[in-house]
Amino acid sequence: MAAALIMPWSSEYEDYLRDESRAVGSADYISFPLTEEDVVDALKYTAGSGTAITTQGARTGIVGGAVPNGGLVLNLSRMKRIGEIVKDERTG
Ligand SMILES: Cc1cc2nc3c(=O)[nH]c(=O)nc-3n(C[C@H](O)[C@H](O)[C@H](O)COP(=O)(O)OP(=O)(O)OC[C@H]3O[C@@H](n4cnc5c(N)ncnc54)[C@H](O)[C@@H]3O)c2cc1C
């Protein structure tokens with residue numbers, strides 16, 4: 001399943017090589033997980049392969065932390081669902 005979620009790099013993903021730092025990187029694969037389970041599957045799929053993983057949110061960071069240096073871009077911008085909000089009674 002994860003294999004289908006991980007796409008080989010192509011020019012249509014160019015925007016995901018940069019953030020607001022204006023630095024431009026490179027990547028071999030990209031994934032847009034929708035759920036926590038998708039994230040786990042993507043990490044399991046790459047585990048042990050030595051693949052670098054760069055996590056991205058909205059890519060508004062200004063220090064280049066979301067700019068990939070090869071490997072897999074794990075872009076979390078499609079994880080938009082807000083789950084149940086639970087009050088932690090221990091913290092009041
Ligand atoms: C015009 C402008 C104004 C700004 N003003 C402010 C401000 O007033 N105050 C302020 O604090 N910041 C400000 N910022 C900085 C920016 O908004 C923050 O860095 C923001 O938190 C980045 O969020 P992002 O989702 O875009 O993360 P990204 O830019 O995608 O990533 C930032 C870093 O977090 C990591 N990351 C992203 N998502 C995850 C995740 N789910 N789990 C673990 N690591 C993750 C990335 O790998 C990267 O290292 C500003 C930026 C811009 C462009």
# chains A, B, ... in the order shown; residues from 1 in each chain; ligands from 1
$ closest_atom_pairs --of "chain A" --to "ligand 1" --cutoff "9 Å" --atoms "only C-alpha atoms and all ligand atoms" --output "Markdown table"
| residue | atom | partner | partner_atom_place_in_ligand_line | distance |
| --- | --- | --- | --- | --- |
| A:Asp19 | CA | ligand 1 | 29 (O) | 6.2 |
| A:Glu20 | CA | ligand 1 | 53 (C) | 5.4 |
| A:Ser21 | CA | ligand 1 | 53 (C) | 8.0 |
| A:Ile53 | CA | ligand 1 | 47 (O) | 8.8 |
| A:Thr54 | CA | ligand 1 | 47 (O) | 5.6 |
| A:Thr55 | CA | ligand 1 | 47 (O) | 4.0 |
| A:Gln56 | CA | ligand 1 | 30 (O) | 3.6 |
| A:Gly57 | CA | ligand 1 | 25 (O) | 3.3 |
| A:Ala58 | CA | ligand 1 | 26 (O) | 3.4 |
| A:Arg59 | CA | ligand 1 | 30 (O) | 3.4 |
| A:Thr60 | CA | ligand 1 | 26 (O) | 3.6 |
| A:Gly61 | CA | ligand 1 | 29 (O) | 3.3 |
| A:Ile62 | CA | ligand 1 | 15 (C) | 5.8 |
| A:Val63 | CA | ligand 1 | 19 (O) | 7.8 |
| A:Gly64 | CA | ligand 1 | 49 (O) | 7.1 |
| A:Gly65 | CA | ligand 1 | 49 (O) | 3.5 |
| A:Ala66 | CA | ligand 1 | 48 (C) | 4.2 |
| A:Val67 | CA | ligand 1 | 48 (C) | 7.8 |
| A:Pro68 | CA | ligand 1 | 47 (O) | 8.8 |
| A:Leu74 | CA | ligand 1 | 47 (O) | 8.8 |
| A:Asn75 | CA | ligand 1 | 30 (O) | 7.8 |
| A:Leu76 | CA | ligand 1 | 41 (N) | 6.4 |
| A:Ser77 | CA | ligand 1 | 25 (O) | 7.7 |
$ atom_distance --atom1 "CA of Ala52 in chain A" --atom2 "CA of Gly70 in chain A"
6.6 Å
$ closest_residue --among "A:Arg81, A:Leu43, A:Glu89, A:Gly50" --to "Ser31 in chain A" --atoms "only C-alpha atoms"
A:Leu43
$ select_by_dssp --residues "chain A" --states "strand (DSSP E)" --output "list in words"
Ile6, Met7, Pro8, Tyr29, Ile30, Ser31, Ile53, Thr54, Thr55, Gln56, Leu72, Val73, Leu74 and Asn75 of chain A
$ atom_distance --atom1 "CA of Val86 in chain A" --atom2 "CA of Ala42 in chain A"
27.6 Å
$ select_by_dssp --residues "chain A" --states "helix (DSSP H, G or I)" --output "list of chain:residue names"
A:Ala2, A:Ala3, A:Ala4, A:Leu5, A:Ser11, A:Glu12, A:Tyr13, A:Glu14, A:Asp15, A:Tyr16, A:Leu17, A:Glu36, A:Glu37, A:Asp38, A:Val39, A:Val40, A:Asp41, A:Ala42, A:Leu43, A:Lys44, A:Tyr45, A:Thr46
$ write_last_selection --atoms "C-alpha atoms" --output "compact mmCIF listing (two decimals), in the first residue's frame"
# COMPACT_ATOMS: atom_id res chain seq x y z
CA ALA A 2 2.78 2.40 0.93
CA ALA A 3 4.46 1.74 -2.39
CA ALA A 4 1.43 3.26 -4.12
CA LEU A 5 1.60 6.28 -1.82
CA SER A 11 8.70 17.84 -12.59
CA GLU A 12 5.09 18.36 -11.43
CA TYR A 13 6.40 18.40 -7.84
CA GLU A 14 8.99 21.15 -8.36
CA ASP A 15 7.35 23.42 -5.76
CA TYR A 16 8.15 20.87 -3.06
CA LEU A 17 11.90 21.35 -3.55
CA GLU A 36 -1.25 8.67 10.64
CA GLU A 37 -1.37 5.12 9.28
CA ASP A 38 -0.13 6.37 5.90
CA VAL A 39 2.81 8.06 7.63
CA VAL A 40 3.67 4.84 9.47
CA ASP A 41 3.44 2.85 6.23
CA ALA A 42 5.70 5.29 4.38
CA LEU A 43 8.28 5.15 7.16
CA LYS A 44 8.12 1.34 7.26
CA TYR A 45 8.55 1.21 3.50
CA THR A 46 11.74 3.26 3.60
$ closest_residue --among "A:Leu34, A:Val73, A:Ile6, A:Ala47" --to "Arg18 in chain A" --atoms "only C-alpha atoms"
A:Val73
$ decode --residues "range 56-67 of chain A" --atoms "all heavy atoms" --output "tab-separated table (two decimals), in the first residue's frame"
chain	number	residue	atom	x	y	z
A	56	GLN	N	7.60	17.95	5.49
A	56	GLN	CA	7.13	19.30	5.13
A	56	GLN	C	5.74	19.52	5.66
A	56	GLN	O	4.91	18.62	5.68
A	56	GLN	CB	7.08	19.47	3.60
A	56	GLN	CG	8.42	19.39	2.91
A	56	GLN	CD	8.30	19.53	1.41
A	56	GLN	OE1	7.22	19.31	0.84
A	56	GLN	NE2	9.40	19.87	0.76
A	57	GLY	N	5.48	20.78	6.08
A	57	GLY	CA	4.13	21.20	6.41
A	57	GLY	C	3.64	22.09	5.28
A	57	GLY	O	3.45	21.64	4.15
A	58	ALA	N	3.49	23.36	5.58
A	58	ALA	CA	3.06	24.31	4.55
A	58	ALA	C	4.24	24.92	3.79
A	58	ALA	O	4.06	25.73	2.89
A	58	ALA	CB	2.22	25.42	5.17
A	59	ARG	N	5.47	24.57	4.21
A	59	ARG	CA	6.71	25.08	3.60
A	59	ARG	C	6.84	26.60	3.75
A	59	ARG	O	7.31	27.28	2.85
A	59	ARG	CB	6.82	24.66	2.12
A	59	ARG	CG	6.96	23.16	1.95
A	59	ARG	CD	7.01	22.74	0.51
A	59	ARG	NE	5.79	23.06	-0.18
A	59	ARG	CZ	5.70	23.99	-1.12
A	59	ARG	NH1	6.76	24.67	-1.51
A	59	ARG	NH2	4.55	24.24	-1.70
A	60	THR	N	6.42	27.11	4.91
A	60	THR	CA	6.59	28.54	5.16
A	60	THR	C	7.78	28.82	6.06
A	60	THR	O	8.02	29.98	6.42
A	60	THR	CB	5.33	29.15	5.79
A	60	THR	OG1	5.08	28.48	7.03
A	60	THR	CG2	4.14	29.01	4.88
A	61	GLY	N	8.51	27.79	6.45
A	61	GLY	CA	9.71	27.99	7.26
A	61	GLY	C	10.74	28.80	6.49
A	61	GLY	O	10.80	28.76	5.26
A	62	ILE	N	11.55	29.55	7.24
A	62	ILE	CA	12.48	30.47	6.57
A	62	ILE	C	13.95	30.08	6.75
A	62	ILE	O	14.84	30.86	6.43
A	62	ILE	CB	12.25	31.92	7.04
A	62	ILE	CG1	12.33	32.00	8.56
A	62	ILE	CG2	10.90	32.44	6.54
A	62	ILE	CD1	12.18	33.42	9.11
A	63	VAL	N	14.20	28.87	7.26
A	63	VAL	CA	15.59	28.45	7.45
A	63	VAL	C	15.94	27.21	6.62
A	63	VAL	O	16.99	26.61	6.82
A	63	VAL	CB	15.90	28.19	8.95
A	63	VAL	CG1	15.78	29.48	9.74
A	63	VAL	CG2	15.01	27.10	9.51
A	64	GLY	N	15.09	26.82	5.70
A	64	GLY	CA	15.40	25.71	4.80
A	64	GLY	C	15.18	24.33	5.40
A	64	GLY	O	15.60	23.33	4.81
A	65	GLY	N	14.53	24.25	6.55
A	65	GLY	CA	14.31	22.94	7.19
A	65	GLY	C	13.44	22.01	6.38
A	65	GLY	O	13.50	20.80	6.55
A	66	ALA	N	12.62	22.55	5.49
A	66	ALA	CA	11.72	21.71	4.68
A	66	ALA	C	12.26	21.48	3.27
A	66	ALA	O	11.57	20.94	2.42
A	66	ALA	CB	10.34	22.35	4.62
A	67	VAL	N	13.50	21.92	3.04
A	67	VAL	CA	14.12	21.73	1.71
A	67	VAL	C	14.82	20.37	1.68
A	67	VAL	O	15.71	20.13	2.50
A	67	VAL	CB	15.13	22.86	1.41
A	67	VAL	CG1	15.84	22.61	0.08
A	67	VAL	CG2	14.43	24.21	1.40
